[in-house]
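Coordinates from my_file_0.txt are shown below (compact mmCIF, C-alpha atoms and all ligand atoms).
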# COMPACT_ATOMS: atom_id res chain seq x y z
CA MET A 1 -28.52 -1.41 22.69
CA ILE A 2 -25.10 -1.76 21.12
CA LYS A 3 -22.37 -2.05 23.71
CA LYS A 4 -19.51 0.44 23.73
CA ASN A 5 -16.10 -1.11 23.79
CA SER A 6 -13.97 0.92 26.14
CA ILE A 7 -10.61 -0.54 25.06
CA ASN A 8 -10.65 0.47 21.41
CA ASN A 9 -12.04 3.97 21.59
CA GLU A 10 -8.96 5.72 20.19
CA LYS A 11 -9.24 3.70 16.98
CA ILE A 12 -12.00 4.65 14.57
CA VAL A 13 -11.94 1.17 12.99
CA ASP A 14 -10.79 -1.87 14.92
CA LEU A 15 -10.83 -5.28 13.28
CA ILE A 16 -10.33 -8.29 15.54
CA SER A 17 -9.52 -11.74 14.10
CA ILE A 18 -11.59 -11.31 10.93
CA VAL A 19 -12.12 -14.42 8.80
CA LYS A 20 -14.16 -14.42 5.59
CA SER A 21 -14.24 -17.37 3.18
CA PHE A 22 -15.85 -17.95 -0.20
CA ASP A 23 -16.31 -21.68 -0.81
CA HIS A 24 -12.86 -23.00 0.13
CA VAL A 25 -10.95 -19.73 -0.33
CA LYS A 26 -10.08 -17.86 2.84
CA ALA A 27 -10.29 -14.40 1.26
CA VAL A 28 -9.53 -12.80 4.64
CA ASN A 29 -7.65 -15.08 7.01
CA ASN A 30 -7.58 -13.91 10.62
CA VAL A 31 -6.87 -10.21 10.20
CA SER A 32 -6.56 -7.91 13.21
CA LEU A 33 -6.00 -4.29 12.37
CA GLY A 34 -6.60 -0.90 13.98
CA ILE A 35 -7.07 2.29 11.99
CA ASN A 36 -6.71 5.65 13.71
CA GLU A 37 -9.15 8.53 13.54
CA GLY A 38 -8.25 11.01 10.78
CA GLU A 39 -5.72 8.69 9.21
CA PHE A 40 -5.13 8.09 5.49
CA PHE A 41 -4.69 4.32 5.54
CA SER A 42 -4.02 2.10 2.54
CA LEU A 43 -4.50 -1.62 2.11
CA LEU A 44 -1.91 -2.64 -0.46
CA GLY A 45 -1.41 -6.03 -2.07
CA PRO A 46 -1.54 -8.00 -5.31
CA SER A 47 -4.82 -8.79 -7.03
CA GLY A 48 -6.82 -11.46 -5.21
CA CYS A 49 -5.15 -11.02 -1.80
CA GLY A 50 -8.41 -10.04 -0.08
CA LYS A 51 -8.33 -6.23 -0.04
CA THR A 52 -11.81 -5.66 -1.41
CA THR A 53 -13.28 -8.34 0.83
CA LEU A 54 -11.76 -6.71 3.92
CA LEU A 55 -13.09 -3.30 2.86
CA ARG A 56 -16.55 -4.80 2.31
CA VAL A 57 -16.41 -6.37 5.77
CA ILE A 58 -15.77 -2.89 7.24
CA ALA A 59 -18.65 -1.45 5.18
CA GLY A 60 -20.95 -4.30 6.21
CA PHE A 61 -21.51 -5.73 2.70
CA GLU A 62 -19.79 -8.97 3.75
CA LYS A 63 -20.48 -10.78 7.00
CA PRO A 64 -17.32 -12.36 8.41
CA GLU A 65 -17.70 -15.92 9.75
CA ASN A 66 -15.36 -15.05 12.59
CA GLY A 67 -14.18 -11.90 14.31
CA ASN A 68 -15.49 -8.50 15.33
CA VAL A 69 -15.67 -5.15 13.61
CA PHE A 70 -15.63 -2.10 15.87
CA ILE A 71 -16.30 1.34 14.46
CA ASN A 72 -15.86 4.28 16.79
CA GLY A 73 -15.81 1.87 19.74
CA THR A 74 -19.06 0.15 18.81
CA ASN A 75 -19.36 -3.47 17.71
CA VAL A 76 -21.11 -3.19 14.33
CA ASN A 77 -21.24 -6.91 13.45
CA SER A 78 -25.01 -6.84 13.27
CA VAL A 79 -25.39 -3.25 11.97
CA ALA A 80 -26.51 -2.89 8.33
CA PRO A 81 -24.24 -1.02 5.88
CA ASN A 82 -26.54 2.02 5.66
CA ASN A 83 -26.53 2.35 9.46
CA ARG A 84 -22.73 2.32 9.74
CA PRO A 85 -20.82 5.63 9.78
CA THR A 86 -19.00 4.51 6.64
CA ASN A 87 -19.39 5.18 2.96
CA MET A 88 -17.81 3.44 0.01
CA VAL A 89 -16.47 4.68 -3.33
CA PHE A 90 -16.28 1.81 -5.79
CA GLN A 91 -13.66 0.91 -8.38
CA ASN A 92 -15.94 1.35 -11.40
CA TYR A 93 -17.46 4.74 -10.60
CA ALA A 94 -20.96 3.62 -9.74
CA ILE A 95 -22.83 6.83 -10.51
CA PHE A 96 -26.33 6.78 -11.98
CA PRO A 97 -26.11 7.43 -15.73
CA HIS A 98 -29.69 8.76 -15.99
CA LEU A 99 -29.17 11.41 -13.30
CA ASN A 100 -27.23 14.63 -13.69
CA VAL A 101 -24.34 15.65 -11.45
CA SER A 102 -26.47 17.35 -8.75
CA GLU A 103 -28.97 14.50 -8.66
CA ASN A 104 -26.15 12.00 -8.26
CA VAL A 105 -24.40 13.95 -5.52
CA GLY A 106 -27.61 14.64 -3.60
CA TYR A 107 -28.94 11.10 -3.98
CA GLY A 108 -28.24 10.03 -0.40
CA LEU A 109 -30.00 13.11 1.01
CA ARG A 110 -33.30 12.66 -0.88
CA ASN A 111 -35.10 10.97 2.03
CA THR A 112 -33.80 13.22 4.79
CA ASN A 113 -35.84 16.06 6.28
CA LEU A 114 -33.49 18.72 4.93
CA SER A 115 -35.11 21.51 2.89
CA LYS A 116 -34.48 21.78 -0.83
CA ASP A 117 -32.31 24.85 -0.23
CA GLN A 118 -30.24 23.07 2.39
CA ILE A 119 -29.69 20.15 0.03
CA LEU A 120 -28.66 22.44 -2.85
CA LYS A 121 -26.21 24.18 -0.56
CA LYS A 122 -24.69 20.87 0.50
CA ILE A 123 -24.44 19.76 -3.12
CA ASP A 124 -22.60 22.99 -4.01
CA GLY A 125 -20.25 22.47 -1.07
CA ALA A 126 -19.50 18.87 -2.04
CA LEU A 127 -18.93 19.78 -5.70
CA LYS A 128 -16.54 22.53 -4.66
CA LEU A 129 -14.61 20.04 -2.50
CA VAL A 130 -13.97 17.76 -5.47
CA GLY A 131 -13.23 20.54 -7.97
CA LEU A 132 -16.53 20.36 -9.88
CA LYS A 133 -18.01 23.72 -8.92
CA GLY A 134 -20.73 24.72 -11.41
CA TYR A 135 -21.13 21.23 -12.90
CA ASN A 136 -24.56 20.78 -11.23
CA LYS A 137 -26.64 20.35 -14.38
CA ARG A 138 -24.09 18.39 -16.40
CA ALA A 139 -25.34 15.00 -17.62
CA SER A 140 -23.42 12.03 -16.22
CA SER A 141 -22.84 10.78 -19.76
CA ALA A 142 -20.99 14.01 -20.58
CA LEU A 143 -18.38 13.48 -17.87
CA SER A 144 -14.85 12.13 -18.26
CA GLY A 145 -13.63 9.20 -16.16
CA GLY A 146 -11.89 11.49 -13.71
CA GLN A 147 -15.00 13.69 -13.38
CA ARG A 148 -17.22 10.67 -12.77
CA GLN A 149 -14.94 9.55 -9.97
CA ARG A 150 -15.12 13.06 -8.49
CA VAL A 151 -18.92 12.86 -8.58
CA ALA A 152 -18.77 9.49 -6.81
CA LEU A 153 -16.49 11.07 -4.19
CA ALA A 154 -18.79 14.06 -3.70
CA ARG A 155 -21.79 11.74 -3.36
CA ALA A 156 -19.99 9.82 -0.61
CA LEU A 157 -18.62 12.90 1.19
CA ILE A 158 -21.94 14.76 1.29
CA LEU A 159 -23.21 12.16 3.78
CA LYS A 160 -20.37 13.09 6.14
CA PRO A 161 -19.19 9.57 6.95
CA ARG A 162 -16.68 9.07 9.75
CA VAL A 163 -14.79 6.70 7.49
CA LEU A 164 -14.58 6.83 3.69
CA LEU A 165 -13.79 3.49 2.05
CA LEU A 166 -12.22 3.71 -1.40
CA ASP A 167 -11.78 0.60 -3.54
CA GLU A 168 -9.13 1.27 -6.22
CA PRO A 169 -10.87 4.56 -7.04
CA LEU A 170 -8.18 5.70 -9.47
CA SER A 171 -7.29 2.47 -11.23
CA ALA A 172 -9.39 3.21 -14.33
CA LEU A 173 -7.70 6.56 -14.94
CA ASP A 174 -4.68 7.10 -17.17
CA LYS A 175 -1.30 7.75 -15.56
CA ASN A 176 -1.18 11.57 -15.56
CA LEU A 177 -4.72 11.99 -14.34
CA ARG A 178 -4.18 9.28 -11.75
CA GLU A 179 -1.15 11.09 -10.33
CA GLN A 180 -3.04 14.37 -10.22
CA MET A 181 -6.02 12.71 -8.52
CA GLN A 182 -3.70 11.03 -5.99
CA PHE A 183 -2.48 14.43 -4.95
CA GLU A 184 -6.00 15.90 -4.86
CA LEU A 185 -7.39 12.99 -2.89
CA ARG A 186 -4.69 13.45 -0.28
CA GLN A 187 -5.42 17.20 -0.07
CA LEU A 188 -9.12 16.48 0.16
CA GLN A 189 -8.59 14.01 3.01
CA LYS A 190 -6.54 16.59 4.90
CA SER A 191 -9.14 19.31 4.43
CA VAL A 192 -12.17 17.23 5.46
CA GLY A 193 -10.27 15.38 8.22
CA ILE A 194 -12.26 12.16 7.67
CA THR A 195 -10.51 8.79 7.97
CA PHE A 196 -9.82 7.39 4.48
CA ILE A 197 -9.20 3.69 3.90
CA LEU A 198 -7.92 3.16 0.37
CA VAL A 199 -7.53 -0.21 -1.34
CA THR A 200 -4.89 -0.35 -4.06
CA HIS A 201 -2.51 -2.76 -5.79
CA ASP A 202 -0.32 0.20 -6.80
CA GLN A 203 2.61 0.54 -4.41
CA THR A 204 3.51 4.07 -5.50
CA GLU A 205 -0.05 5.17 -4.85
CA ALA A 206 -0.04 3.62 -1.36
CA LEU A 207 3.40 4.96 -0.44
CA THR A 208 2.85 8.53 -1.65
CA MET A 209 -0.64 9.04 -0.25
CA SER A 210 -0.81 7.24 3.06
CA ASP A 211 -0.02 7.92 6.69
CA ARG A 212 0.21 4.16 7.15
CA VAL A 213 0.03 1.16 4.85
CA GLY A 214 -1.09 -2.41 5.53
CA VAL A 215 0.47 -4.88 3.09
CA MET A 216 -1.67 -7.96 2.36
CA PHE A 217 -0.88 -11.34 0.84
CA ASN A 218 -3.18 -14.39 0.69
CA GLY A 219 -5.79 -13.00 3.06
CA LYS A 220 -3.28 -11.94 5.71
CA VAL A 221 -1.79 -8.58 6.63
CA ASP A 222 2.01 -9.04 6.69
CA GLN A 223 2.98 -5.58 7.93
CA VAL A 224 1.34 -2.35 9.03
CA ALA A 225 3.64 0.67 9.16
CA THR A 226 4.46 4.08 7.71
CA PRO A 227 5.56 4.17 4.05
CA GLU A 228 9.17 4.80 5.14
CA GLN A 229 9.17 1.84 7.51
CA ILE A 230 7.57 -0.43 4.92
CA TYR A 231 10.22 0.53 2.38
CA ASN A 232 13.29 0.59 4.62
CA LYS A 233 12.39 -2.27 6.94
CA PRO A 234 10.06 -4.68 5.19
CA GLU A 235 9.32 -7.33 7.80
CA THR A 236 8.70 -10.25 5.47
CA LYS A 237 10.39 -11.35 2.26
CA MET A 238 7.10 -10.97 0.39
CA VAL A 239 6.74 -7.34 1.49
CA ALA A 240 10.40 -6.72 0.56
CA ALA A 241 9.89 -8.15 -2.92
CA PHE A 242 6.52 -6.45 -3.54
CA ILE A 243 7.54 -2.92 -2.47
CA GLY A 244 10.19 -1.49 -4.76
CA SER A 245 12.82 -3.97 -5.84
CA MET A 246 15.14 -6.06 -3.69
CA ASN A 247 18.27 -8.14 -4.28
CA PHE A 248 18.17 -11.34 -2.24
CA PHE A 249 21.23 -13.39 -1.30
CA GLU A 250 21.14 -16.71 0.52
CA THR A 251 23.54 -16.86 3.44
CA LYS A 252 24.54 -19.05 6.37
CA CYS A 253 24.75 -17.88 9.97
CA LEU A 254 28.31 -17.76 11.34
CA GLU A 255 28.02 -16.12 14.74
CA LYS A 256 25.68 -14.13 16.94
CA SER A 257 26.33 -11.38 19.44
CA SER A 258 23.86 -9.41 21.51
CA LYS A 259 23.18 -6.85 18.74
CA THR A 260 24.44 -8.45 15.54
CA VAL A 261 24.43 -11.64 13.53
CA THR A 262 27.30 -12.36 11.15
CA VAL A 263 26.45 -14.35 8.04
CA PHE A 264 28.56 -15.75 5.19
CA HIS A 265 27.98 -15.54 1.44
CA LYS A 266 30.44 -16.81 -1.16
CA ASP A 267 30.72 -13.50 -2.98
CA LEU A 268 29.87 -10.97 -0.29
CA GLY A 269 32.03 -12.63 2.35
CA ASN A 270 31.11 -12.08 5.97
CA VAL A 271 28.27 -9.61 6.48
CA LYS A 272 27.46 -8.26 9.92
CA LEU A 273 23.71 -7.71 10.24
CA LEU A 274 21.96 -5.59 12.85
CA LYS A 275 19.52 -7.73 14.81
CA ASN A 276 16.93 -4.95 14.42
CA ASN A 277 17.02 -5.60 10.68
CA ILE A 278 16.43 -9.35 10.95
CA PHE A 279 12.93 -10.86 10.84
CA GLY A 280 11.36 -14.27 11.24
CA VAL A 281 11.91 -17.30 13.43
CA GLU A 282 15.58 -17.88 14.27
CA SER A 283 17.40 -20.52 12.25
CA THR A 284 20.83 -21.09 10.69
CA LYS A 285 19.93 -19.93 7.18
CA LEU A 286 19.15 -16.32 6.33
CA THR A 287 18.16 -14.59 3.13
CA ILE A 288 19.58 -11.07 3.14
CA GLY A 289 18.13 -8.22 1.11
CA ILE A 290 19.86 -5.14 -0.32
CA ARG A 291 17.98 -2.51 -2.33
CA PRO A 292 19.45 -1.72 -5.80
CA GLU A 293 20.09 1.89 -4.76
CA ASN A 294 22.08 0.73 -1.73
CA LEU A 295 24.61 -1.03 -3.96
CA LYS A 296 27.20 1.49 -5.21
CA ILE A 297 29.86 1.14 -7.88
CA ILE A 298 33.29 1.97 -6.48
CA SER A 299 35.16 4.77 -8.28
CA ASP A 300 37.64 7.52 -7.46
CA ASN A 301 34.80 9.54 -5.93
CA LEU A 302 33.35 6.73 -3.92
CA LYS A 303 35.42 4.79 -1.47
CA ILE A 304 34.49 1.44 0.00
CA GLN A 305 31.68 1.60 2.51
CA SER A 306 31.49 -1.16 5.10
CA LYS A 307 31.55 -4.04 2.57
CA SER A 308 32.59 -4.64 -1.03
CA PHE A 309 32.60 -7.37 -3.67
CA THR A 310 33.36 -7.74 -7.37
CA ALA A 311 30.89 -8.39 -10.16
CA LYS A 312 30.41 -8.25 -13.92
CA ILE A 313 27.88 -6.10 -15.75
CA VAL A 314 25.55 -8.11 -17.95
CA GLU A 315 22.88 -5.54 -18.79
CA LYS A 316 22.48 -1.78 -18.63
CA SER A 317 19.26 0.21 -18.99
CA PHE A 318 18.77 3.96 -19.08
CA MET A 319 15.53 4.68 -17.22
CA GLY A 320 15.52 8.49 -17.53
CA ASP A 321 16.15 9.48 -13.95
CA THR A 322 18.18 6.39 -13.09
CA MET A 323 20.63 3.99 -14.71
CA LEU A 324 19.93 0.36 -13.97
CA TYR A 325 22.75 -2.22 -14.14
CA SER A 326 22.27 -5.97 -14.03
CA ILE A 327 25.25 -7.74 -12.53
CA LYS A 328 26.44 -11.31 -12.04
CA LEU A 329 28.59 -12.35 -9.14
CA ASN A 330 31.96 -14.07 -9.58
CA GLN A 331 31.88 -17.06 -7.28
CA SER A 332 28.26 -18.14 -7.16
CA GLU A 333 27.52 -21.11 -9.36
CA ASN A 334 23.94 -20.00 -9.89
CA ASN A 335 22.96 -17.82 -12.80
CA ASN A 336 21.25 -15.15 -10.70
CA THR A 337 21.49 -11.53 -11.67
CA TYR A 338 21.24 -8.64 -9.23
CA ASN A 339 20.40 -4.98 -9.77
CA ILE A 340 22.20 -1.76 -9.04
CA SER A 341 20.39 1.52 -9.60
CA ILE A 342 22.22 4.82 -9.84
CA SER A 343 20.22 8.04 -9.58
CA ASP A 344 23.11 10.52 -9.69
CA ILE A 345 24.02 9.49 -13.24
CA LYS A 346 26.16 12.57 -13.99
CA ASN A 347 28.53 12.09 -11.08
CA SER A 348 28.77 8.33 -11.24
CA PRO A 349 31.03 5.98 -13.16
CA ASN A 350 29.48 4.76 -16.40
CA PRO A 351 30.73 1.20 -16.94
CA ASN A 352 29.63 -0.90 -19.91
CA ILE A 353 28.25 -4.37 -20.42
CA GLY A 354 31.04 -6.89 -19.85
CA ASP A 355 33.03 -4.62 -17.50
CA LYS A 356 34.24 -5.91 -14.15
CA ILE A 357 33.28 -3.62 -11.31
CA SER A 358 33.69 -3.39 -7.56
CA VAL A 359 30.51 -2.84 -5.64
CA THR A 360 30.13 -1.54 -2.11
CA PHE A 361 27.32 -1.31 0.42
CA GLU A 362 26.62 -0.43 4.04
CA GLU A 363 25.92 -3.36 6.33
CA ALA A 364 23.44 -1.17 8.23
CA ASP A 365 21.23 -1.03 5.09
CA VAL A 366 20.90 -4.80 4.84
CA VAL A 367 17.65 -6.48 5.93
CA ALA A 368 17.46 -10.20 6.55
CA TYR A 369 14.94 -13.02 6.91
CA TYR A 370 15.44 -16.32 8.69
CA GLU A 371 14.59 -19.30 6.52
CA GLU A 372 12.80 -22.32 7.94
P1 LIG B 401 -8.51 -8.14 -4.05
O1 LIG B 401 -9.49 -7.03 -3.84
O2 LIG B 401 -7.29 -8.02 -3.20
O3 LIG B 401 -8.15 -8.32 -5.49
P2 LIG B 401 -10.72 -9.88 -3.30
O4 LIG B 401 -11.05 -9.50 -1.91
O5 LIG B 401 -11.61 -9.35 -4.36
O6 LIG B 401 -9.19 -9.53 -3.60
O7 LIG B 401 -10.71 -11.45 -3.42
C1 LIG B 401 -10.02 -12.32 -2.52
C2 LIG B 401 -10.30 -13.75 -2.90
O8 LIG B 401 -11.66 -14.05 -2.65
C3 LIG B 401 -10.06 -14.08 -4.35
O9 LIG B 401 -9.56 -15.40 -4.43
C4 LIG B 401 -11.45 -13.98 -4.96
O10 LIG B 401 -11.55 -14.79 -6.09
C5 LIG B 401 -12.32 -14.47 -3.83
N1 LIG B 401 -13.66 -13.83 -3.85
C6 LIG B 401 -13.92 -12.52 -3.61
N2 LIG B 401 -15.25 -12.27 -3.69
C7 LIG B 401 -15.84 -13.47 -3.98
C8 LIG B 401 -17.20 -13.89 -4.18
N3 LIG B 401 -18.21 -13.02 -4.08
N4 LIG B 401 -17.42 -15.20 -4.46
C9 LIG B 401 -16.41 -16.08 -4.55
N5 LIG B 401 -15.12 -15.76 -4.37
C10 LIG B 401 -14.82 -14.47 -4.09
MG MG B 402 -10.26 -5.68 -5.25

Let me see the file written as structure tokens.
Amino acid sequence: MIKKNSINNEKIVDLISIVKSFDHVKAVNNVSLGINEGEFFSLLGPSGCGKTTLLRVIAGFEKPENGNVFINGTNVNSVAPNNRPTNMVFQNYAIFPHLNVSENVGYGLRNTNLSKDQILKKIDGALKLVGLKGYNKRASSALSGGQRQRVALARALILKPRVLLLDEPLSALDKNLREQMQFELRQLQKSVGITFILVTHDQTEALTMSDRVGVMFNGKVDQVATPEQIYNKPETKMVAAFIGSMNFFETKCLEKSSKTVTVFHKDLGNVKLLKNNIFGVESTKLTIGIRPENLKIISDNLKIQSKSFTAKIVEKSFMGDTMLYSIKLNQSENNNTYNISISDIKNSPNPNIGDKISVTFEEADVVAYYEE
């Protein structure tokens, strides 16, 4: 008998110290991660960071050389994929081209003892869920990319898994359809209440759809948090740079108090950081990060916030909903440029390339990372 694990029962999936290598590559390098029942969870990271491998470990297609996989409190290390309460939707919609829509969707039920009527009813229900009501007899070859992915979804959902695993299910779709499907997938997850674990390299997709996101680099999960937390308080420099855009400044530590650390930068002067916004192992050098939208150009309407500095505009790009300025700092010898993004274009100053500007920011918005 498989032993129940009493500690991890509240988590539907609990990964403990998972390691999976291919030859000399540690595709997954000691990952521990808990996913809650009913959650929409995304694994986000650049190509090759180990997302698919981790998903396949959960599904049982890959056997980790170290660690334990618990699903619904049960250690499933030696349970075959088809006996796990999981189901996977693959990146390249793996539906059978020689079967029609109904045959594809009902495929997993063909060897059950359900009656033909019961199966047809379930197929209709699953097709309705994914917005393909009435498509039963349609040939797979006559489906668009989006419709094929819906069929793949219906085929997975009809088996009523506790956990649905989705490997970049929308990456082959064009932008508009992808955005529509993101919304629908989220609605679908809410209505069926099943735990979804989505793998994606698309940060917008992960942030807009998920209850929580795990950000992966080089086989490791750097941070697991809500989209807001990931964006506002990225806990490593890699997460900060990967999610949205971030201006980094190298600084030296001047003094520490119980709640703050004051650092010095040639152009920014002294910056007082909140200790809650500082990550890493304490040292005397810190890289601080300020998001482009947290840098504001000073004008008659906008007074200095907690800090200010001067800069020169070297580039200006109209992005539709935002104006993006590239700036250079006055004192720094390096040739770095930094970004300011303005979303309220109408009510903001509109300086030109070459103009000198004063820039302000709130110290409370600054995140920081100790350097080794
Ligand atoms: P992601 O899904 O994040 O793009 P993968 O999990 O597919 O990343 O791959 C992680 C690393 O493991 C990569 O370096 C990849 O080349 C390697 N890898 C994945 N699957 C295999 C395999 N079957 N054989 C050899 N190397 C693999
Ligand atoms: Mg992948």

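Comparing A:Leu43, A:Ala364, A:Leu207, A:Val31 by their smallest distance to ligand LIG 401 (chain B), the closest is A:Leu43 (using only C-alpha atoms and all ligand atoms).
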
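Candidate residues A:Thr200, A:Ser78, A:Asn111, A:Ser140 were compared for distance to ligand MG 402 (chain B), and the nearest is A:Thr200, using only C-alpha atoms and all ligand atoms.
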
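Comparing A:Gly269, A:Pro227, A:Gly34, A:Gly193 by their smallest distance to A:Thr310, the closest is A:Gly269 (using all atoms listed in the file).
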
Which protein, DNA or RNA residues have an atom within 9 Å of ligand MG 402 (chain B), counting all atoms listed in the file, as a list in words? Ser47, Gly48, Cys49, Gly50, Lys51, Thr52, Thr53, Leu55, Gln91, Asp167, Glu168, Val199, Thr200 and His201 of chain A

Residue neighbourhood A:Ser283, 7 Å, only C-alpha atoms, exclusion window fewer than 5 positions, as number ranges by chain: A: 370-372

Find the residues near stretch 284-301 of chain A: any atom within 7 Å, counting all atoms listed in the file, skip ones fewer than 5 places away on the same chain, and give them as a ChimeraX atom specification. /A:245-253,339-342,349,357-361,365-371

Can you write out the residues you just picked, keeping C-alpha atoms, as a PDB file, in the coordinates of the input?
ATOM      1  CA  SER A 245      12.820  -3.970  -5.840  1.00  0.00           C
ATOM      2  CA  MET A 246      15.140  -6.060  -3.690  1.00  0.00           C
ATOM      3  CA  ASN A 247      18.270  -8.140  -4.280  1.00  0.00           C
ATOM      4  CA  PHE A 248      18.170 -11.340  -2.240  1.00  0.00           C
ATOM      5  CA  PHE A 249      21.230 -13.390  -1.300  1.00  0.00           C
ATOM      6  CA  GLU A 250      21.140 -16.710   0.520  1.00  0.00           C
ATOM      7  CA  THR A 251      23.540 -16.860   3.440  1.00  0.00           C
ATOM      8  CA  LYS A 252      24.540 -19.050   6.370  1.00  0.00           C
ATOM      9  CA  CYS A 253      24.750 -17.880   9.970  1.00  0.00           C
ATOM     10  CA  ASN A 339      20.400  -4.980  -9.770  1.00  0.00           C
ATOM     11  CA  ILE A 340      22.200  -1.760  -9.040  1.00  0.00           C
ATOM     12  CA  SER A 341      20.390   1.520  -9.600  1.00  0.00           C
ATOM     13  CA  ILE A 342      22.220   4.820  -9.840  1.00  0.00           C
ATOM     14  CA  PRO A 349      31.030   5.980 -13.160  1.00  0.00           C
ATOM     15  CA  ILE A 357      33.280  -3.620 -11.310  1.00  0.00           C
ATOM     16  CA  SER A 358      33.690  -3.390  -7.560  1.00  0.00           C
ATOM     17  CA  VAL A 359      30.510  -2.840  -5.640  1.00  0.00           C
ATOM     18  CA  THR A 360      30.130  -1.540  -2.110  1.00  0.00           C
ATOM     19  CA  PHE A 361      27.320  -1.310   0.420  1.00  0.00           C
ATOM     20  CA  ASP A 365      21.230  -1.030   5.090  1.00  0.00           C
ATOM     21  CA  VAL A 366      20.900  -4.800   4.840  1.00  0.00           C
ATOM     22  CA  VAL A 367      17.650  -6.480   5.930  1.00  0.00           C
ATOM     23  CA  ALA A 368      17.460 -10.200   6.550  1.00  0.00           C
ATOM     24  CA  TYR A 369      14.940 -13.020   6.910  1.00  0.00           C
ATOM     25  CA  TYR A 370      15.440 -16.320   8.690  1.00  0.00           C
ATOM     26  CA  GLU A 371      14.590 -19.300   6.520  1.00  0.00           C
TER      27      GLU A 371
END

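Restricting the calculation to all atoms listed in the file, the smallest distance between ligand LIG 401 (chain B) and any of A:Asn270, A:Asn29, A:Thr226, A:Thr112 is found for A:Asn29.
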
Quick one: distance from atom CA of A:Ser21 to atom CA of A:Ala59 in Å, one decimal? 16.6 Å

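For the residues A:Ile158, A:Val25, A:Val221, A:Val130, ranking by smallest atom-to-atom distance to ligand LIG 401 (chain B) using all atoms listed in the file places A:Val25 first.
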
Excluding A:Asp355 and any residue of its chain fewer than 3 positions from it, enumerate the residues within 9 Å of it, using only C-alpha atoms, and give them as an MDAnalysis selection string. chainID A and resid 311:314 351:352

What's around stretch 71-76 of chain A at 12 Å? Count all atoms listed in the file, leave out sequence neighbours fewer than 2 positions away in its own chain, and write the answer as a ChimeraX atom specification. /A:1-16,33-38,57-61,63-64,67-69,78-86,161-163,195
